[in-house]
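Engineer: Handing you this structure, nothing more for now.
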Number of protein chains: 4
Amino acid sequence: MPAVDLVADLGEGFGAYSIGDDKALLEVVSSANIACGFHAGDPDIMDATVAECVRTGVGIGAHPSFPDLRGFGRRAMDLTADEVRTDVIYQLGALSAFAAYHGGSVSHLAPHGRLGNLVATRADYAKAVADAAARVDPALIILAQDGELATAAADRDLRVAIVGIADRAYQDDGTLVPRNQPGAVIHDPSAIVERTVRMVREGLIETASGRDIAIQADTVLLHGDNPGAVELARLIRSELIAAGVTIAPLAQVLAAKQRLS
Amino acid sequence: MPAVDLVADLGEGFGAYSIGDDKALLEVVSSANIACGFHAGDPDIMDATVAECVRTGVGIGAHPSFPDLRGFGRRAMDLTADEVRTDVIYQLGALSAFAAYHGGSVSHLAPHGRLGNLVATRADYAKAVADAAARVDPALIILAQDGELATAAADRDLRVAIVGIADRAYQDDGTLVPRNQPGAVIHDPSAIVERTVRMVREGLIETASGRDIAIQADTVLLHGDNPGAVELARLIRSELIAAGVTIAPLAQVLAAKQRLS
Amino acid sequence: MPAVDLVADLGEGFGAYSIGDDKALLEVVSSANIACGFHAGDPDIMDATVAECVRTGVGIGAHPSFPDLRGFGRRAMDLTADEVRTDVIYQLGALSAFAAYHGGSVSHLAPHGRLGNLVATRADYAKAVADAAARVDPALIILAQDGELATAAADRDLRVAIVGIADRAYQDDGTLVPRNQPGAVIHDPSAIVERTVRMVREGLIETASGRDIAIQADTVLLHGDNPGAVELARLIRSELIAAGVTIAPLAQVLAAKQRLS
Amino acid sequence: MPAVDLVADLGEGFGAYSIGDDKALLEVVSSANIACGFHAGDPDIMDATVAECVRTGVGIGAHPSFPDLRGFGRRAMDLTADEVRTDVIYQLGALSAFAAYHGGSVSHLAPHGRLGNLVATRADYAKAVADAAARVDPALIILAQDGELATAAADRDLRVAIVGIADRAYQDDGTLVPRNQPGAVIHDPSAIVERTVRMVREGLIETASGRDIAIQADTVLLHGDNPGAVELARLIRSELIAAGVTIAPLAQVLAAKQRLS
């Protein structure tokens, strides 16, 4: 029986501001990418989010970003690889302390936003992130799409979980269609559900050009930034279960896969 | 033979800015209070400072602050105790990850600036800091003056090291004369050296009113923000050694004291 | 016929975050307190908000704050009066440039949040704000409650507009019941409407202790941070008009009052 | 008799940090590029710097930057042209208010660091800066090297002053050799003095490839970030005067040039 993790970006408020319905999402996901203060999140929000993850058994993931609160981490910054390394160490450490405080631990790391895009294609950034993770905590799972980060993490003997993004169009090389291009985001809920189930059960996704390519999806990225998104997340979960898929935290999904291989 | 730790605030630059001669101080101290990004310090500076501490065997301490880079953590902010708790967890975690990356660990925690002043007298802040430390890492040593933080840390079974500040005037109750009052800072190097040696060897310090009070000094705070300060730090170190005092990291000083008691 | 200005806090988003329904409020108010980047607001949001105010004829007001984005300007900071002065100059100037860019000008200044509370009682802060305003632009109107800021502004020959806050409880001395005390905020819409109309038409408000005190309300503060608030703002406007009150920008309200006196 | 302005970057401290010897430089320069808080500078420093410029008759220039205090504005950020526009408006306005407070005005605008490099070659950024300046204050002089910003400013009928940078190597197209390339910065003081005098008197500079190219230098950029730099700045001033050059504020230099043409 196939197993998959469901992950969403959580804790993305800041101070008086909030984004997303974390409460609702926590009932749907098995893992959370938690903002670490650089693109969103502040110590109070990180504390509350981690506490809820520990209470509900949701896997805790660090979601480090470029240091750009105003741009929500979506703008490229011309950082050196070494600056990326130190920024990731800082954010990972901050989140880890909240996990320790609440009796849990950080189980995965998933770069956010533009940094997340760039580590798929820039080997220097990918190595910087993998180096940070491997030396701070070699037990971390790295969430990545196929690409440089997945390679760099494997080179450092880190476990890698491939994230499937069912509401984004893929290019034939397995990377995402950039957000500023037409058709980059898929809005039709039933198409998203269908793509998700197919991705998990058959290991295939149809690219923007109409080809089927193989995709390994250890986890599926869900959203919660509007009421429709939460509804859709619930639907994805129930349809996966109806299709015989087990929803489980990332570490379990990877362990099961290893047993099979 | 009496033993004492020598500690200084390090890593207090930010980006292109620097304060203090860290290189020189690292040859004098046995422990460092390292800025964690809230009043000073950035991930690059934290990384480089921690790397040097690990290389030279200097004890690594977290130096968390109010979130006030512009005010260098010297301005009070009306934070709730819970905000203090989460800010300390965040900063402690960030520094801990750099320590882990470089194969070391954070051995102590010493609140900076105004927060450092307030935890001596505000029980709610003191408890927040002690709670953060105790749950993130119960092996941490808390650097404190006599006061609420020392009490709260002991209540949480944390080891407490009392810091002697030889260039600041003391009040009869053992707290420092506030910085904005005349005579708060002692500038005469020979007076500072003499006060230091007496503090460590005899356990006594003369207050602003002329009384001798008992002071326990497990560590002595040195400065390095101008050439004279570094010179003075060197002199304090050599005079202590000449007086038969052993300079040793905090954990050793506390362990030795425990054996005696 | 009595005239009053209606004002609301606008432009309080930051980056990807938004607070309040500015679009709806702009159809109700005659003046706007616009966040200047220290507690909320960023250059993009300031630009868009000012552009809309110029287009719709809504009076532009600077809403300077303590520098505390995470605390939304609601936490006290132990700034010197001189720091308050320079922070206000900075924020006022930034907003003024957007007004100039769009062919308008800043007509009033209203300190935000905790700074707004403190200038009512701290003479040094009040003088700092009045000094900043008077020397940068002597034509500015200062929005204040009765208190030190109103006094300091008058001493500098600045025009003062008194703001009535119909959904906050007043103390017998004319200051607001602090937000952390029970009963500080009035939630019943019909009570708020009635208090507003009475404040404007009769110049009276009932305090928390049940006494009627005189209140001069040149402008009434409205909110828009939830759907009910916008609905209430619309109702206040229509009930004022139904009661024979003219809604007009601040400069007109003050000019009319001056003609009468 | 040729006339030239001497300009330096001033007010580049932040909070407790300082960079450069502003006091010494203010005795050498006739204009100042003043940091506006985004790469350096804070309201207190801006206030003090502007006050000194007004007192000594030094021309006040806005020195806007990418929003990157940690990177000192030297790192590229992937901002839209519209974000550049609003960031420049914000910073220009903030500085203008300090000028107004002290009875002066901002006379020129010179983008800082990486933004300063990019406006020479990116037409969209150049237009954004010129648009911001032209609509906020059409009397502003734009400091630029030859390139897109000079063109865009002229298109908006803004006066343009060309800045000569005697300690940086030029490429044959008149742009600077990028800072990360060997030979980008010239360190030999006598070479710098000679290049400066030749630039101002003959209108020529030798490029990295050894060619002479024409250069118009309405102002020469001086530095003050180390003792040698201040000494060199003084020498450049005295050698220019000895060579019969008049040192005058930018507006006078441009006015004199216009009379000649």
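Every chain in the structure tokens takes a letter, A first, then B, and so on in the order presented; its residues are numbered from 1, and the ligands are numbered from 1 following the presented order.
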Using DSSP assignments from the backbone, pull out every residue in stretch 100-226 of chain A that falls under helix (DSSP H, G or I) and give it to me as a PDB file with N, CA and C atoms, in the first residue's frame.

Structural biologist:
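Below is the file out_19.pdb, written as the result:
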ATOM      1  N   ALA A 100      13.011  21.527  20.811  1.00  0.00           N
ATOM      2  CA  ALA A 100      13.559  20.973  22.054  1.00  0.00           C
ATOM      3  C   ALA A 100      12.740  21.444  23.254  1.00  0.00           C
ATOM      4  N   TYR A 101      12.391  22.722  23.268  1.00  0.00           N
ATOM      5  CA  TYR A 101      11.617  23.278  24.377  1.00  0.00           C
ATOM      6  C   TYR A 101      10.323  22.485  24.579  1.00  0.00           C
ATOM      7  N   GLY A 113      10.469  29.467  -0.789  1.00  0.00           N
ATOM      8  CA  GLY A 113      10.343  30.534  -1.790  1.00  0.00           C
ATOM      9  C   GLY A 113      11.445  30.539  -2.828  1.00  0.00           C
ATOM     10  N   ARG A 114      12.032  31.720  -3.036  1.00  0.00           N
ATOM     11  CA  ARG A 114      13.038  31.837  -4.079  1.00  0.00           C
ATOM     12  C   ARG A 114      14.269  30.993  -3.758  1.00  0.00           C
ATOM     13  N   LEU A 115      14.631  30.948  -2.505  1.00  0.00           N
ATOM     14  CA  LEU A 115      15.750  30.081  -2.128  1.00  0.00           C
ATOM     15  C   LEU A 115      15.423  28.631  -2.489  1.00  0.00           C
ATOM     16  N   GLY A 116      14.178  28.234  -2.232  1.00  0.00           N
ATOM     17  CA  GLY A 116      13.739  26.891  -2.583  1.00  0.00           C
ATOM     18  C   GLY A 116      13.836  26.633  -4.084  1.00  0.00           C
ATOM     19  N   ASN A 117      13.513  27.639  -4.880  1.00  0.00           N
ATOM     20  CA  ASN A 117      13.655  27.480  -6.330  1.00  0.00           C
ATOM     21  C   ASN A 117      15.119  27.359  -6.719  1.00  0.00           C
ATOM     22  N   LEU A 118      15.945  28.226  -6.140  1.00  0.00           N
ATOM     23  CA  LEU A 118      17.337  28.312  -6.580  1.00  0.00           C
ATOM     24  C   LEU A 118      18.155  27.077  -6.199  1.00  0.00           C
ATOM     25  N   ALA A 123      24.120  24.740  -7.863  1.00  0.00           N
ATOM     26  CA  ALA A 123      24.842  23.732  -7.099  1.00  0.00           C
ATOM     27  C   ALA A 123      25.503  24.346  -5.861  1.00  0.00           C
ATOM     28  N   ASP A 124      25.974  25.597  -5.951  1.00  0.00           N
ATOM     29  CA  ASP A 124      26.660  26.189  -4.796  1.00  0.00           C
ATOM     30  C   ASP A 124      25.681  26.411  -3.633  1.00  0.00           C
ATOM     31  N   TYR A 125      24.503  26.885  -3.948  1.00  0.00           N
ATOM     32  CA  TYR A 125      23.492  27.053  -2.903  1.00  0.00           C
ATOM     33  C   TYR A 125      23.067  25.692  -2.339  1.00  0.00           C
ATOM     34  N   ALA A 126      22.879  24.729  -3.236  1.00  0.00           N
ATOM     35  CA  ALA A 126      22.454  23.390  -2.810  1.00  0.00           C
ATOM     36  C   ALA A 126      23.471  22.784  -1.847  1.00  0.00           C
ATOM     37  N   LYS A 127      24.753  22.933  -2.200  1.00  0.00           N
ATOM     38  CA  LYS A 127      25.784  22.392  -1.319  1.00  0.00           C
ATOM     39  C   LYS A 127      25.816  23.121   0.015  1.00  0.00           C
ATOM     40  N   ALA A 128      25.593  24.412  -0.021  1.00  0.00           N
ATOM     41  CA  ALA A 128      25.594  25.187   1.217  1.00  0.00           C
ATOM     42  C   ALA A 128      24.483  24.710   2.160  1.00  0.00           C
ATOM     43  N   VAL A 129      23.307  24.469   1.595  1.00  0.00           N
ATOM     44  CA  VAL A 129      22.178  24.012   2.420  1.00  0.00           C
ATOM     45  C   VAL A 129      22.447  22.601   2.944  1.00  0.00           C
ATOM     46  N   ALA A 130      22.946  21.738   2.079  1.00  0.00           N
ATOM     47  CA  ALA A 130      23.217  20.359   2.503  1.00  0.00           C
ATOM     48  C   ALA A 130      24.303  20.325   3.568  1.00  0.00           C
ATOM     49  N   ASP A 131      25.317  21.156   3.397  1.00  0.00           N
ATOM     50  CA  ASP A 131      26.400  21.211   4.380  1.00  0.00           C
ATOM     51  C   ASP A 131      25.867  21.695   5.736  1.00  0.00           C
ATOM     52  N   ALA A 132      25.063  22.734   5.708  1.00  0.00           N
ATOM     53  CA  ALA A 132      24.483  23.240   6.958  1.00  0.00           C
ATOM     54  C   ALA A 132      23.702  22.140   7.661  1.00  0.00           C
ATOM     55  N   ALA A 133      22.831  21.468   6.914  1.00  0.00           N
ATOM     56  CA  ALA A 133      21.984  20.442   7.510  1.00  0.00           C
ATOM     57  C   ALA A 133      22.821  19.273   8.029  1.00  0.00           C
ATOM     58  N   ALA A 134      23.752  18.816   7.213  1.00  0.00           N
ATOM     59  CA  ALA A 134      24.506  17.602   7.559  1.00  0.00           C
ATOM     60  C   ALA A 134      25.346  17.799   8.812  1.00  0.00           C
ATOM     61  N   ARG A 135      25.911  18.988   8.971  1.00  0.00           N
ATOM     62  CA  ARG A 135      26.772  19.203  10.126  1.00  0.00           C
ATOM     63  C   ARG A 135      25.994  19.604  11.368  1.00  0.00           C
ATOM     64  N   VAL A 136      24.843  20.219  11.201  1.00  0.00           N
ATOM     65  CA  VAL A 136      24.047  20.569  12.384  1.00  0.00           C
ATOM     66  C   VAL A 136      23.280  19.350  12.882  1.00  0.00           C
ATOM     67  N   GLU A 148      19.500  19.975  -7.896  1.00  0.00           N
ATOM     68  CA  GLU A 148      20.786  20.094  -7.221  1.00  0.00           C
ATOM     69  C   GLU A 148      20.694  19.809  -5.730  1.00  0.00           C
ATOM     70  N   LEU A 149      19.650  20.283  -5.073  1.00  0.00           N
ATOM     71  CA  LEU A 149      19.584  20.061  -3.623  1.00  0.00           C
ATOM     72  C   LEU A 149      19.467  18.572  -3.317  1.00  0.00           C
ATOM     73  N   ALA A 150      18.639  17.886  -4.090  1.00  0.00           N
ATOM     74  CA  ALA A 150      18.497  16.443  -3.866  1.00  0.00           C
ATOM     75  C   ALA A 150      19.845  15.747  -4.039  1.00  0.00           C
ATOM     76  N   THR A 151      20.583  16.159  -5.060  1.00  0.00           N
ATOM     77  CA  THR A 151      21.912  15.578  -5.308  1.00  0.00           C
ATOM     78  C   THR A 151      22.879  15.893  -4.167  1.00  0.00           C
ATOM     79  N   ALA A 152      22.932  17.161  -3.784  1.00  0.00           N
ATOM     80  CA  ALA A 152      23.875  17.576  -2.744  1.00  0.00           C
ATOM     81  C   ALA A 152      23.557  16.909  -1.413  1.00  0.00           C
ATOM     82  N   ALA A 153      22.286  16.765  -1.111  1.00  0.00           N
ATOM     83  CA  ALA A 153      21.895  16.139   0.150  1.00  0.00           C
ATOM     84  C   ALA A 153      22.294  14.664   0.157  1.00  0.00           C
ATOM     85  N   ALA A 154      22.043  13.991  -0.957  1.00  0.00           N
ATOM     86  CA  ALA A 154      22.431  12.577  -1.044  1.00  0.00           C
ATOM     87  C   ALA A 154      23.943  12.436  -0.910  1.00  0.00           C
ATOM     88  N   ASP A 155      24.676  13.378  -1.522  1.00  0.00           N
ATOM     89  CA  ASP A 155      26.148  13.339  -1.418  1.00  0.00           C
ATOM     90  C   ASP A 155      26.607  13.443   0.037  1.00  0.00           C
ATOM     91  N   PRO A 189      -9.649  22.550  -8.845  1.00  0.00           N
ATOM     92  CA  PRO A 189      -9.509  21.605  -7.732  1.00  0.00           C
ATOM     93  C   PRO A 189      -9.541  20.144  -8.172  1.00  0.00           C
ATOM     94  N   SER A 190     -10.428  19.815  -9.088  1.00  0.00           N
ATOM     95  CA  SER A 190     -10.514  18.398  -9.441  1.00  0.00           C
ATOM     96  C   SER A 190      -9.265  17.946 -10.200  1.00  0.00           C
ATOM     97  N   ALA A 191      -8.709  18.853 -11.005  1.00  0.00           N
ATOM     98  CA  ALA A 191      -7.452  18.517 -11.684  1.00  0.00           C
ATOM     99  C   ALA A 191      -6.339  18.307 -10.662  1.00  0.00           C
ATOM    100  N   ILE A 192      -6.311  19.147  -9.647  1.00  0.00           N
ATOM    101  CA  ILE A 192      -5.256  19.035  -8.634  1.00  0.00           C
ATOM    102  C   ILE A 192      -5.390  17.708  -7.876  1.00  0.00           C
ATOM    103  N   VAL A 193      -6.616  17.388  -7.512  1.00  0.00           N
ATOM    104  CA  VAL A 193      -6.826  16.125  -6.793  1.00  0.00           C
ATOM    105  C   VAL A 193      -6.381  14.949  -7.655  1.00  0.00           C
ATOM    106  N   GLU A 194      -6.794  14.975  -8.907  1.00  0.00           N
ATOM    107  CA  GLU A 194      -6.461  13.872  -9.810  1.00  0.00           C
ATOM    108  C   GLU A 194      -4.954  13.744 -10.003  1.00  0.00           C
ATOM    109  N   ARG A 195      -4.282  14.924 -10.209  1.00  0.00           N
ATOM    110  CA  ARG A 195      -2.825  14.917 -10.360  1.00  0.00           C
ATOM    111  C   ARG A 195      -2.156  14.345  -9.113  1.00  0.00           C
ATOM    112  N   THR A 196      -2.689  14.694  -7.952  1.00  0.00           N
ATOM    113  CA  THR A 196      -2.089  14.229  -6.707  1.00  0.00           C
ATOM    114  C   THR A 196      -2.184  12.714  -6.583  1.00  0.00           C
ATOM    115  N   VAL A 197      -3.391  12.201  -6.779  1.00  0.00           N
ATOM    116  CA  VAL A 197      -3.590  10.755  -6.621  1.00  0.00           C
ATOM    117  C   VAL A 197      -2.722   9.994  -7.632  1.00  0.00           C
ATOM    118  N   ARG A 198      -2.668  10.517  -8.838  1.00  0.00           N
ATOM    119  CA  ARG A 198      -1.869   9.841  -9.868  1.00  0.00           C
ATOM    120  C   ARG A 198      -0.381   9.866  -9.532  1.00  0.00           C
ATOM    121  N   MET A 199       0.059  11.028  -9.062  1.00  0.00           N
ATOM    122  CA  MET A 199       1.453  11.218  -8.660  1.00  0.00           C
ATOM    123  C   MET A 199       1.856  10.201  -7.587  1.00  0.00           C
ATOM    124  N   VAL A 200       0.976  10.018  -6.621  1.00  0.00           N
ATOM    125  CA  VAL A 200       1.299   9.146  -5.497  1.00  0.00           C
ATOM    126  C   VAL A 200       1.146   7.677  -5.868  1.00  0.00           C
ATOM    127  N   ARG A 201       0.081   7.356  -6.571  1.00  0.00           N
ATOM    128  CA  ARG A 201      -0.183   5.955  -6.876  1.00  0.00           C
ATOM    129  C   ARG A 201       0.596   5.441  -8.077  1.00  0.00           C
ATOM    130  N   GLU A 202       0.699   6.288  -9.134  1.00  0.00           N
ATOM    131  CA  GLU A 202       1.348   5.811 -10.370  1.00  0.00           C
ATOM    132  C   GLU A 202       2.755   6.360 -10.539  1.00  0.00           C
TER     133      GLU A 202
END

Engineer: Counting only C-alpha atoms, collect the residues of chain C whose closest atom lies at most 7 Å from chain D, and write them out as number ranges by chain.

Structural biologist: C: 43-44, 47, 83, 86-87, 89-91, 93-98, 100-101, 135-136

Engineer: Keeping only C-alpha atoms, write the selected residues to a file as an mmCIF file, in the first residue's frame.

Structural biologist:
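Ended up saving to result-v6.cif:
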data_model
loop_
_atom_site.group_PDB
_atom_site.id
_atom_site.type_symbol
_atom_site.label_atom_id
_atom_site.label_comp_id
_atom_site.auth_asym_id
_atom_site.auth_seq_id
_atom_site.Cartn_x
_atom_site.Cartn_y
_atom_site.Cartn_z
ATOM 1 C CA PRO C 43 6.990 51.876 0.551
ATOM 2 C CA ASP C 44 4.760 50.000 -1.910
ATOM 3 C CA ASP C 47 2.554 54.603 -2.407
ATOM 4 C CA GLU C 83 14.820 59.534 19.453
ATOM 5 C CA THR C 86 13.993 61.910 14.884
ATOM 6 C CA ASP C 87 11.790 58.859 14.340
ATOM 7 C CA ILE C 89 10.757 63.372 11.320
ATOM 8 C CA TYR C 90 11.877 60.311 9.373
ATOM 9 C CA GLN C 91 8.402 58.827 9.035
ATOM 10 C CA GLY C 93 9.248 62.853 5.580
ATOM 11 C CA ALA C 94 8.839 59.455 3.972
ATOM 12 C CA LEU C 95 5.081 59.863 3.724
ATOM 13 C CA SER C 96 5.388 63.457 2.530
ATOM 14 C CA ALA C 97 7.445 62.317 -0.454
ATOM 15 C CA PHE C 98 4.695 59.917 -1.543
ATOM 16 C CA ALA C 100 4.395 65.018 -3.286
ATOM 17 C CA TYR C 101 4.886 62.274 -5.877
ATOM 18 C CA ARG C 135 9.793 72.604 11.973
ATOM 19 C CA VAL C 136 9.163 70.189 9.110
#

Engineer: Write out as a PyMOL selection string the residues lying within 12 Å of D:Arg234, counting only C-alpha atoms and excluding same-chain residues fewer than 2 positions away.

Structural biologist: chain D and resi 6+24-29+189+193+222-224+227-232+236-241

Engineer: As a list of chain:residue names, please: the residues near D:Ile142 (cut-off 8 Å, only C-alpha atoms, same-chain neighbours under 3 positions excluded).

Structural biologist: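 My list of contacting residues is D:His108, D:Leu109, D:Ala110, D:Ala150, D:Ala153, D:Leu158, D:Arg159, D:Val160, D:Ala161.
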
Engineer: Taking 2 positions as the minimum chain separation for residues in the same chain, which residues sit within 10 Å of D:Leu250 when counting only C-alpha atoms? Answer as a PyMOL selection string.

Structural biologist: chain D and resi 3-7+30-31+58-60+107-108+141+143+160-161+218-219+247-248+252-256

Engineer: Between atom CA of D:Gly203 and atom CA of D:Ala62, what is the spacing in Å?

Structural biologist: 26.2 Å

Engineer: Please, which residues of stretch 29-161 of chain B, numbered as in this document, come out strand (DSSP E) from DSSP, as a VMD selection string?

Structural biologist: chain B and resid 31 to 35 59 to 63 106 to 109 141 to 144 159 to 161

Engineer: Would you mind reading off the distance between atom CA of A:Asp188 and atom CA of A:Arg75, one decimal, in Å?

Structural biologist: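 Separation between atom CA of A:Asp188 and atom CA of A:Arg75: 26.8 Å.
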